[in-house]
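Asker: The file below is upload.cif, mmCIF, C-alpha atoms:
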data_model
#
loop_
_atom_site.label_atom_id
_atom_site.label_comp_id
_atom_site.auth_asym_id
_atom_site.auth_seq_id
_atom_site.Cartn_x
_atom_site.Cartn_y
_atom_site.Cartn_z
CA MET E 1 30.18 -0.25 26.83
CA THR E 2 32.12 -1.05 30.02
CA LEU E 3 33.22 -4.64 30.62
CA TYR E 4 33.92 -6.25 34.00
CA LEU E 5 35.32 -9.51 35.28
CA ASP E 6 33.69 -10.48 38.58
CA LEU E 7 35.46 -13.04 40.76
CA SER E 8 33.78 -14.81 43.69
CA ALA E 9 35.26 -17.54 45.86
CA LEU E 10 34.39 -19.58 48.93
CA GLN E 11 37.34 -20.58 51.08
CA SER E 12 37.46 -22.54 54.32
CA VAL E 13 40.22 -21.28 56.62
CA PRO E 14 41.17 -23.19 59.81
CA ALA E 15 42.51 -21.64 63.00
CA ALA E 16 44.25 -18.43 61.93
CA ASN E 17 44.46 -14.69 62.45
CA LEU E 18 44.77 -13.48 58.86
CA ASN E 19 44.08 -9.83 59.64
CA ARG E 20 44.32 -8.25 63.09
CA ASP E 21 42.77 -5.12 64.55
CA ASP E 22 44.59 -2.64 66.78
CA LEU E 23 44.28 -5.00 69.77
CA GLY E 24 45.54 -8.07 67.90
CA SER E 25 42.11 -9.67 67.53
CA PRO E 26 40.77 -11.00 64.22
CA LYS E 27 38.82 -8.23 62.50
CA GLN E 28 35.05 -8.54 62.65
CA VAL E 29 31.90 -7.20 61.03
CA ARG E 30 28.24 -7.56 61.92
CA TYR E 31 26.15 -8.56 58.90
CA GLY E 32 22.62 -9.93 58.85
CA ASN E 33 22.55 -9.23 62.60
CA ALA E 34 25.22 -11.87 63.13
CA PRO E 35 28.90 -11.46 64.05
CA ARG E 36 31.31 -12.47 61.29
CA ILE E 37 35.08 -12.70 61.01
CA ARG E 38 36.43 -10.26 58.42
CA VAL E 39 39.63 -9.96 56.40
CA SER E 40 40.26 -6.47 55.04
CA SER E 41 40.65 -5.88 51.33
CA GLN E 42 44.03 -4.20 51.90
CA SER E 43 45.63 -7.29 53.44
CA TRP E 44 44.49 -9.59 50.64
CA LYS E 45 45.19 -7.01 47.93
CA ARG E 46 48.81 -6.69 49.06
CA VAL E 47 49.64 -10.37 48.54
CA ILE E 48 47.77 -10.36 45.22
CA ARG E 49 49.83 -7.35 44.09
CA HIS E 50 53.10 -8.99 45.01
CA GLY E 51 52.11 -12.13 43.12
CA VAL E 52 51.20 -10.16 39.99
CA GLU E 53 54.50 -8.27 40.16
CA ARG E 54 56.47 -11.53 40.43
CA ASP E 55 54.63 -12.93 37.43
CA LEU E 56 55.29 -9.86 35.30
CA GLY E 57 58.81 -9.19 36.55
CA GLU E 58 58.18 -5.48 37.16
CA LYS E 59 58.15 -4.68 40.83
CA ALA E 60 56.57 -1.55 42.23
CA THR E 61 56.97 -0.23 45.76
CA ARG E 62 54.59 1.67 48.03
CA THR E 63 56.87 3.57 50.37
CA ARG E 64 57.80 6.79 52.18
CA MET E 65 61.51 5.95 51.93
CA VAL E 66 62.37 7.23 48.43
CA PRO E 67 64.76 9.95 49.77
CA VAL E 68 66.43 7.40 52.07
CA LYS E 69 66.85 4.79 49.34
CA LEU E 70 68.17 7.46 46.97
CA LYS E 71 70.66 8.62 49.60
CA GLN E 72 71.91 5.04 49.98
CA ALA E 73 72.23 4.62 46.20
CA LEU E 74 74.27 7.83 45.89
CA GLU E 75 76.49 6.83 48.83
CA ARG E 76 77.24 3.56 47.05
CA ALA E 77 78.25 5.66 44.05
CA GLY E 78 80.78 7.54 46.21
CA TRP E 79 78.80 10.63 47.22
CA PRO E 80 79.47 12.18 50.64
CA THR E 81 76.73 11.31 53.15
CA ASP E 82 75.57 14.91 53.69
CA LEU E 83 75.32 15.65 49.98
CA ALA E 84 73.54 12.34 49.30
CA ALA E 85 70.98 13.11 52.01
CA PHE E 86 70.46 16.62 50.62
CA ALA E 87 69.92 15.18 47.14
CA GLY E 88 67.29 12.79 48.47
CA ALA E 89 65.46 15.67 50.14
CA GLN E 90 65.74 17.72 46.94
CA VAL E 91 64.03 14.99 44.92
CA ALA E 92 61.01 15.33 47.19
CA ALA E 93 61.22 19.14 47.20
CA SER E 94 61.41 19.25 43.40
CA ALA E 95 58.37 17.03 42.78
CA GLY E 96 55.67 19.21 41.25
CA LYS E 97 55.06 22.90 41.89
CA ARG E 98 55.15 22.74 45.68
CA GLY E 99 57.14 19.59 46.25
CA ILE E 100 56.50 16.74 48.67
CA GLY E 101 57.23 17.29 52.34
CA THR E 102 59.84 15.28 54.22
CA GLU E 103 60.24 14.44 57.90
CA LYS E 104 63.25 14.26 60.23
CA GLU E 105 64.05 10.66 59.33
CA GLY E 106 64.16 11.62 55.65
CA HIS E 107 60.85 9.94 54.87
CA THR E 108 58.32 11.65 52.63
CA SER E 109 55.19 12.85 54.40
CA VAL E 110 53.04 10.69 52.10
CA LEU E 111 53.32 7.23 50.62
CA LEU E 112 54.58 7.06 47.05
CA PHE E 113 53.79 4.17 44.71
CA LEU E 114 56.35 3.84 41.93
CA PRO E 115 58.45 1.31 40.01
CA GLU E 116 61.56 0.15 41.91
CA ALA E 117 63.68 1.15 38.91
CA ALA E 118 62.76 4.79 39.65
CA ILE E 119 65.52 4.99 42.31
CA ASP E 120 68.23 4.48 39.68
CA GLU E 121 66.56 7.01 37.39
CA LEU E 122 66.36 9.59 40.17
CA ALA E 123 70.01 8.96 41.03
CA ALA E 124 70.92 9.66 37.39
CA VAL E 125 69.09 13.00 37.53
CA CYS E 126 70.94 13.91 40.74
CA THR E 127 74.27 12.99 39.16
CA GLU E 128 73.52 15.15 36.14
CA HIS E 129 72.78 18.11 38.40
CA ARG E 130 75.33 17.45 41.13
CA GLN E 131 76.96 20.86 40.76
CA ALA E 132 73.67 22.63 41.45
CA LEU E 133 73.13 20.43 44.50
CA GLU E 134 76.61 21.19 45.85
CA GLN E 135 76.09 24.92 45.41
CA GLY E 136 72.72 24.90 47.15
CA GLN E 137 73.55 22.43 49.91
CA ASN E 138 74.30 24.99 52.61
CA LYS E 139 71.67 27.57 51.67
CA LYS E 140 68.87 28.19 54.15
CA ASN E 141 66.19 28.13 51.42
CA PRO E 142 67.71 26.40 48.41
CA GLY E 143 64.42 26.10 46.54
CA GLN E 144 63.99 23.47 43.84
CA LEU E 145 67.42 22.60 42.46
CA LEU E 146 66.40 19.65 40.29
CA PRO E 147 64.28 19.85 37.12
CA THR E 148 60.70 19.42 38.33
CA GLY E 149 59.54 18.06 34.98
CA GLN E 150 62.05 15.20 35.04
CA ILE E 151 61.34 14.32 38.66
CA GLU E 152 57.60 14.40 38.09
CA GLU E 153 57.91 12.25 34.97
CA ILE E 154 59.80 9.55 36.90
CA LEU E 155 57.32 9.58 39.81
CA LYS E 156 54.44 9.29 37.33
CA ARG E 157 55.78 6.08 35.74
CA ARG E 158 53.49 3.07 35.91
CA THR E 159 53.81 -0.67 36.16
CA ALA E 160 51.07 -3.15 35.40
CA SER E 161 50.20 -3.40 39.10
CA ILE E 162 49.85 0.38 39.34
CA SER E 163 47.57 0.29 36.29
CA LEU E 164 45.61 -2.51 37.93
CA LEU E 165 45.33 -1.22 41.51
CA GLY E 166 45.64 2.53 41.04
CA ARG E 167 47.59 5.32 42.69
CA MET E 168 46.56 8.53 44.44
CA LEU E 169 49.02 11.35 45.11
CA ALA E 170 47.46 14.72 45.91
CA GLU E 171 50.82 16.48 45.56
CA LEU E 172 51.11 15.28 41.93
CA PRO E 173 47.59 15.08 40.50
CA ASP E 174 48.91 14.03 37.08
CA ALA E 175 50.38 10.93 38.72
CA ASN E 176 46.97 9.71 39.89
CA VAL E 177 45.75 6.45 38.35
CA ASP E 178 42.21 5.17 38.72
CA GLY E 179 42.70 1.50 39.59
CA ALA E 180 40.91 -1.04 37.43
CA ALA E 181 40.53 -3.60 40.25
CA GLN E 182 38.28 -3.43 43.29
CA VAL E 183 38.64 -5.93 46.14
CA ALA E 184 35.98 -6.45 48.80
CA HIS E 185 36.49 -7.30 52.46
CA ALA E 186 36.13 -11.05 52.90
CA PHE E 187 33.75 -12.26 55.61
CA THR E 188 32.49 -15.56 56.95
CA THR E 189 29.31 -16.93 55.42
CA HIS E 190 28.14 -17.91 58.90
CA ALA E 191 28.19 -16.46 62.39
CA ALA E 192 31.69 -16.61 63.86
CA GLU E 193 33.62 -14.96 66.68
CA PRO E 194 37.26 -14.89 67.79
CA GLN E 195 38.50 -17.56 70.19
CA ARG E 196 41.25 -17.16 72.77
CA ASP E 197 44.41 -19.23 72.82
CA TYR E 198 46.42 -19.54 76.03
CA PHE E 199 49.98 -20.56 75.22
CA THR E 200 53.32 -21.04 76.91
CA ALA E 201 56.92 -21.18 75.75
CA VAL E 202 59.32 -23.58 77.46
CA ASP E 203 62.79 -22.41 78.48
CA ASP E 204 65.09 -25.14 77.14
CA TRP E 205 67.83 -24.37 79.69
CA LEU E 206 65.80 -24.67 82.86
CA GLY E 207 67.32 -26.98 85.44
CA GLU E 208 65.82 -30.40 85.99
CA ALA E 209 64.34 -29.33 89.31
CA GLU E 210 62.80 -26.17 87.88
CA THR E 211 59.26 -26.13 86.54
CA GLY E 212 57.09 -23.65 84.75
CA SER E 213 57.50 -21.84 81.47
CA GLY E 214 59.76 -19.12 80.20
CA HIS E 215 56.84 -17.18 78.76
CA LEU E 216 53.06 -17.31 78.78
CA ASP E 217 50.43 -15.22 77.06
CA THR E 218 47.10 -15.32 75.26
CA SER E 219 46.29 -14.58 71.64
CA GLU E 220 43.17 -14.77 69.52
CA PHE E 221 42.35 -16.67 66.35
CA SER E 222 39.31 -17.59 64.29
CA ALA E 223 38.14 -20.11 61.71
CA GLY E 224 35.42 -20.18 59.09
CA VAL E 225 34.28 -20.26 55.47
CA PHE E 226 34.90 -16.90 53.80
CA TYR E 227 33.08 -15.31 50.89
CA ARG E 228 35.61 -13.39 48.80
CA TYR E 229 34.87 -11.01 45.93
CA ALA E 230 36.79 -8.78 43.52
CA THR E 231 36.05 -7.16 40.19
CA VAL E 232 38.24 -5.79 37.40
CA ASN E 233 37.03 -3.02 35.11
CA ILE E 234 38.49 -4.41 31.90
CA THR E 235 37.71 -1.24 29.97
CA ASP E 236 39.70 0.86 32.46
CA LEU E 237 42.51 -1.71 32.52
CA LEU E 238 42.86 -1.44 28.74
CA LYS E 239 42.84 2.35 29.01
CA ASN E 240 45.54 2.31 31.70
CA LEU E 241 47.62 -0.06 29.54
CA GLU E 242 47.18 2.22 26.51
CA GLY E 243 45.06 -0.28 24.63
CA ASP E 244 47.54 -3.18 24.81
CA THR E 245 45.15 -6.15 24.73
CA LYS E 246 47.92 -8.74 25.06
CA ALA E 247 49.24 -7.06 28.21
CA ALA E 248 45.71 -6.76 29.57
CA ARG E 249 45.15 -10.51 29.09
CA THR E 250 48.38 -11.26 30.95
CA VAL E 251 47.52 -8.91 33.83
CA LEU E 252 43.94 -10.17 34.07
CA THR E 253 45.06 -13.82 34.11
CA SER E 254 47.69 -13.13 36.77
CA PHE E 255 45.25 -11.18 38.94
CA ALA E 256 42.64 -13.96 38.74
CA GLU E 257 45.20 -16.64 39.62
CA HIS E 258 46.54 -14.76 42.63
CA PHE E 259 43.05 -13.81 43.77
CA LEU E 260 42.31 -17.53 44.05
CA LEU E 261 45.69 -18.82 45.21
CA SER E 262 46.98 -16.14 47.58
CA LEU E 263 46.52 -15.87 51.32
CA PRO E 264 47.42 -13.04 53.74
CA GLN E 265 50.61 -13.88 55.58
CA ALA E 266 49.81 -12.75 59.13
CA LYS E 267 50.88 -15.27 61.82
CA ARG E 268 51.53 -17.91 59.17
CA ASN E 269 54.40 -19.47 61.15
CA SER E 270 52.13 -20.22 64.11
CA THR E 271 48.98 -21.22 62.17
CA ALA E 272 49.98 -22.34 58.61
CA PRO E 273 46.39 -21.90 57.29
CA HIS E 274 47.34 -22.65 53.68
CA THR E 275 43.99 -23.65 52.17
CA LEU E 276 42.52 -22.96 48.73
CA PRO E 277 38.99 -21.95 47.73
CA ASP E 278 36.72 -24.94 47.19
CA LEU E 279 34.53 -22.92 44.80
CA ALA E 280 35.41 -20.21 42.28
CA TYR E 281 32.81 -18.42 40.16
CA LEU E 282 33.88 -16.03 37.38
CA VAL E 283 31.56 -13.77 35.39
CA VAL E 284 32.13 -11.37 32.51
CA ARG E 285 29.53 -8.60 32.67
CA GLU E 286 28.67 -5.43 30.81
CA HIS E 287 27.64 -2.09 32.34
CA ARG E 288 28.25 -2.82 36.06
CA PRO E 289 29.84 -5.36 38.43
CA LEU E 290 27.78 -7.50 40.79
CA SER E 291 28.85 -8.84 44.18
CA LEU E 292 27.06 -11.92 45.52
CA ALA E 293 27.73 -11.09 49.16
CA ALA E 294 24.00 -10.80 49.86
CA ALA E 295 23.76 -14.59 49.43
CA PHE E 296 25.03 -14.72 53.01
CA GLU E 297 23.06 -11.86 54.59
CA THR E 298 21.19 -14.70 56.26
CA PRO E 299 24.04 -16.61 57.90
CA VAL E 300 24.57 -20.19 56.79
CA THR E 301 23.89 -22.81 59.46
CA ALA E 302 26.01 -25.89 59.86
CA ASP E 303 25.28 -29.15 58.08
CA PRO E 304 23.82 -31.80 60.42
CA LEU E 305 27.12 -33.65 60.12
CA GLY E 306 29.08 -30.48 60.75
CA GLY E 307 30.72 -27.95 58.46
CA PHE E 308 29.67 -24.88 56.51
CA SER E 309 31.43 -25.39 53.16
CA GLN E 310 28.86 -27.42 51.27
CA LYS E 311 25.92 -25.40 52.53
CA SER E 312 27.76 -22.19 51.62
CA ARG E 313 28.27 -23.45 48.07
CA GLN E 314 24.59 -24.33 47.82
CA ALA E 315 23.55 -20.93 49.22
CA LEU E 316 25.73 -19.14 46.67
CA ALA E 317 24.39 -21.24 43.79
CA THR E 318 20.77 -20.67 44.82
CA TYR E 319 21.18 -16.93 45.26
CA THR E 320 23.08 -16.58 41.97
CA HIS E 321 20.41 -18.54 40.10
CA ASN E 322 17.77 -16.13 41.40
CA ILE E 323 19.87 -13.03 40.66
CA ASN E 324 20.50 -14.28 37.12
CA ARG E 325 16.77 -14.84 36.70
CA LEU E 326 16.12 -11.24 37.69
CA THR E 327 18.86 -9.70 35.55
CA GLY E 328 18.62 -12.02 32.54
CA ASP E 329 21.47 -12.90 30.22
CA ARG E 330 21.80 -9.72 28.16
CA SER E 331 24.55 -8.14 30.25
CA ARG E 332 26.39 -11.37 31.06
CA THR E 333 28.64 -12.65 28.29
CA PHE E 334 30.24 -15.48 30.28
CA HIS E 335 29.90 -17.27 33.59
CA GLY E 336 31.39 -20.49 34.86
CA HIS E 337 32.69 -22.20 37.97
CA ALA E 338 35.14 -24.74 39.33
CA THR E 339 34.37 -26.64 42.52
CA ILE E 340 36.02 -29.16 44.82
CA ASP E 341 33.33 -31.80 44.19
CA PRO E 342 33.11 -32.69 40.48
CA ASP E 343 29.78 -34.46 41.09
CA GLU E 344 28.23 -31.37 42.68
CA HIS E 345 25.71 -29.77 40.31
CA LEU E 346 25.62 -26.07 41.07
CA THR E 347 22.92 -24.85 38.73
CA GLY E 348 23.02 -21.13 38.19
CA LEU E 349 26.82 -20.91 38.20
CA GLY E 350 27.32 -21.51 34.50
CA ASP E 351 29.48 -24.22 32.95
CA ALA E 352 31.59 -26.38 35.24
CA HIS E 353 35.35 -26.40 34.63
CA ASP E 354 37.78 -28.99 35.95
CA SER E 355 40.40 -26.55 37.23
CA TYR E 356 40.97 -22.94 38.15
CA ALA E 357 43.32 -22.59 35.18
CA GLN E 358 40.66 -23.73 32.70
CA LEU E 359 38.07 -21.44 34.29
CA ILE E 360 40.39 -18.42 34.18
CA GLU E 361 41.37 -19.10 30.58
CA ALA E 362 37.73 -19.35 29.52
CA ALA E 363 36.80 -16.13 31.32
CA THR E 364 39.80 -14.23 29.96
CA GLN E 365 39.07 -15.41 26.43
CA ALA E 366 35.46 -14.24 26.76
CA ALA E 367 36.57 -10.86 28.10
CA LEU E 368 39.52 -10.24 25.78
CA PRO E 369 39.39 -12.50 22.70
CA GLN E 370 42.73 -13.12 21.04
CA ALA E 371 43.31 -11.54 17.64
CA GLY E 372 41.20 -13.15 14.96
CA GLU E 373 38.78 -14.73 17.44
CA GLN E 374 35.29 -13.53 18.20
CA GLN E 375 33.88 -13.10 21.65
#
Represent the supplied structure as structure tokens.

Answerer:
Amino acid sequence: MTLYLDLSALQSVPAANLNRDDLGSPKQVRYGNAPRIRVSSQSWKRVIRHGVERDLGEKATRTRMVPVKLKQALERAGWPTDLAAFAGAQVAASAGKRGIGTEKEGHTSVLLFLPEAAIDELAAVCTEHRQALEQGQNKKNPGQLLPTGQIEEILKRRTASISLLGRMLAELPDANVDGAAQVAHAFTTHAAEPQRDYFTAVDDWLGEAETGSGHLDTSEFSAGVFYRYATVNITDLLKNLEGDTKAARTVLTSFAEHFLLSLPQAKRNSTAPHTLPDLAYLVVREHRPLSLAAAFETPVTADPLGGFSQKSRQALATYTHNINRLTGDRSRTFHGHATIDPDEHLTGLGDAHDSYAQLIEAATQAALPQAGEQQ
């Protein structure tokens, strides 16, 4: 049996540009034959990952700069610059049977995802084999001068966030990790399009007789109520954490909290769109996850008094009630919600909880009961 935690949220975001396309415009998608504003899963997943790593105190880094960072670490230890740079390149060359390619700047040709502590461990391997590095430094084809097994073992190390979100490295297949979490692109529950903003910047040192601005330009922003969805394969998470249920509870709780509380950071200084979801719905399911995005295939229309939030909550509750009627209760071991309006009765969304924290605790307990407690 495979167990999942599904997380859905509705969040109203004011004027912002949380996720830009190549032209600087808010990303979009057409759904239900209506234009929507979209926020990519990658942008939201990044801030969630950083939050989880802060909670757990084990930071991982996705980077191409491992040789560069290693060179800097060896220089701080007193190594000559040329030898330190050669050692950094050798770490990449000695990874696996064929090595990992590097470019002129010293960057690896692919992104690596590894614990930050790996730099110190790689530096220790280089120090242990410094003589071999010195002897091979000026050779045209030095080959692999560092023990490939040790290098590969360090690059294969995992943190909780790697176990949660996964890692793919074609050059080191044994380092691949199937991520337990999946995050969907968020999109507005209603039709929405970007709007243009004409702005100017005043030059503070203009003379009194001078007029005009020091700079003028246009940018784009958007606003709307977003449906957000993610799911965690709890069975895979336990497998990636080698069966450590306590660690899995901690990771699952942290992921759920940061899914609800995080916000992509793009253009935050000029928009400060720091809202929270006004509805969260968590479900523990067996066999397969279930997104509720189709609740908004027909775009929500505004309330007569204005606003999409309340009507979006009602649309989600109605759709979920009907989906639960179709699927029954056999594969759903828990569902519950927390909403901004305590007097709002959202039938179909399970038990109401007063806070996100209470909702997350109830869902986590249902998914991973503590020792001595039954699900």

Asker: Which of these residues is nearest to E:Glu116, using all atoms listed in the file: E:Gln11, E:Thr159, E:Asn176, E:Thr347?

Answerer: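 Selected residue with least distance to E:Glu116: E:Thr159.
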
Asker: Given the choices E:Ala266, E:Ala191, E:Ala85, E:Leu74, which gets closest to E:Ala16 if the distance is worked out from only C-alpha atoms?

Answerer: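 Of E:Ala266, E:Ala191, E:Ala85, E:Leu74, the one nearest E:Ala16 is E:Ala266, counting only C-alpha atoms.
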
Asker: Evaluate the PyMOL selection byres ((chain E and resi 263) around 10) on the structure here and hand back the selected residues as an mmCIF file with C-alpha atoms, in the frame of the given file.

Answerer:
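So the final result, stored in result-v4.cif, reads:
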data_model
loop_
_atom_site.group_PDB
_atom_site.id
_atom_site.type_symbol
_atom_site.label_atom_id
_atom_site.label_comp_id
_atom_site.auth_asym_id
_atom_site.auth_seq_id
_atom_site.Cartn_x
_atom_site.Cartn_y
_atom_site.Cartn_z
ATOM 1 C CA VAL E 13 40.220 -21.280 56.620
ATOM 2 C CA LEU E 18 44.770 -13.480 58.860
ATOM 3 C CA SER E 43 45.630 -7.290 53.440
ATOM 4 C CA TRP E 44 44.490 -9.590 50.640
ATOM 5 C CA LYS E 45 45.190 -7.010 47.930
ATOM 6 C CA ARG E 46 48.810 -6.690 49.060
ATOM 7 C CA VAL E 47 49.640 -10.370 48.540
ATOM 8 C CA ILE E 48 47.770 -10.360 45.220
ATOM 9 C CA HIS E 258 46.540 -14.760 42.630
ATOM 10 C CA PHE E 259 43.050 -13.810 43.770
ATOM 11 C CA LEU E 260 42.310 -17.530 44.050
ATOM 12 C CA LEU E 261 45.690 -18.820 45.210
ATOM 13 C CA SER E 262 46.980 -16.140 47.580
ATOM 14 C CA PRO E 264 47.420 -13.040 53.740
ATOM 15 C CA GLN E 265 50.610 -13.880 55.580
ATOM 16 C CA ALA E 266 49.810 -12.750 59.130
ATOM 17 C CA ARG E 268 51.530 -17.910 59.170
ATOM 18 C CA PRO E 273 46.390 -21.900 57.290
ATOM 19 C CA HIS E 274 47.340 -22.650 53.680
ATOM 20 C CA THR E 275 43.990 -23.650 52.170
ATOM 21 C CA LEU E 276 42.520 -22.960 48.730
#

Asker: Considering all atoms listed in the file, can you say which of E:His50, E:Arg36, E:His215, E:His107 comes closest to E:Pro67?

Answerer: E:His107

Asker: Apply the PyMOL selection byres ((chain E and resi 2) around 10) to the displayed file and report the matching residues as number ranges by chain.

Answerer: E: 1, 3-4, 233-236, 285-289

Asker: Smallest atom-to-atom distance to E:Arg49: which of E:Val251, E:Ile340, E:Ala186, E:Leu282, using all atoms listed in the file?

Answerer: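 Closest candidate: E:Val251.
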
Asker: Since I can't run it myself right now, could you work out what the PyMOL selection byres ((chain E and resi 152) around 10) selects here and report it as a VMD selection string?

Answerer: chain E and resid 91 to 92 94 to 97 99 147 to 151 153 to 157 172 174 to 175

Asker: Using atom CA of E:Thr271 and atom CA of E:Glu220 as the two end points, give the distance in Å to one decimal.

Answerer: 11.4 Å

Asker: Rounded to one decimal, what separation in Å do you get between atom CA of E:Gly88 and atom CA of E:Ala170?

Answerer: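 Going from atom CA of E:Gly88 over to atom CA of E:Ala170 covers 20.1 Å.
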
Asker: Choose the residue, out of E:Thr81, E:Thr298, E:Ser109, E:Ser355, that has the smallest atom-to-atom separation from E:Arg30; count only C-alpha atoms.

Answerer: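 Ranked by minimum distance to E:Arg30, first place goes to E:Thr298.
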
Asker: Set the distance at 10 Å and use only C-alpha atoms: which residues neighbour E:Ala87 once local chain neighbours fewer than 3 positions away are removed? I'd like the list as a list in words.

Answerer: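 The residues satisfying every condition are Pro67, Val68, Leu70, Lys71, Leu74, Trp79, Thr81, Asp82, Leu83, Ala84, Gln90, Val91, Ala92, Ala93, Leu122, Ala123, Val125, Cys126, Thr127, His129, Arg130, Leu133, Glu134, Gln137, Leu145 and Leu146 of chain E.
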
Asker: Could you tell me which of E:Arg249, E:Lys69, E:His345, E:Arg332 comes closest to E:Gln310 if we count all atoms listed in the file?

Answerer: E:His345

Asker: Taking a cut-off of 12 Å and counting only C-alpha atoms, can you build a table that, for each residue of stretch 249-309 of chain E near stretch 178-184 of chain E, reports the nearest atom pair and how far apart they are in Å (one decimal), sorted by chain then residue number, as a Markdown table?

Answerer:
| residue | atom | partner | partner_atom | distance |
| --- | --- | --- | --- | --- |
| E:Val251 | CA | E:Ala181 | CA | 10.9 |
| E:Leu252 | CA | E:Ala181 | CA | 9.6 |
| E:Phe255 | CA | E:Ala181 | CA | 9.0 |
| E:Ala256 | CA | E:Ala181 | CA | 10.7 |
| E:Phe259 | CA | E:Val183 | CA | 9.3 |
| E:Pro289 | CA | E:Gln182 | CA | 9.9 |
| E:Leu290 | CA | E:Ala184 | CA | 11.5 |
| E:Ser291 | CA | E:Ala184 | CA | 8.8 |
| E:Leu292 | CA | E:Ala184 | CA | 11.0 |
| E:Ala293 | CA | E:Ala184 | CA | 9.5 |
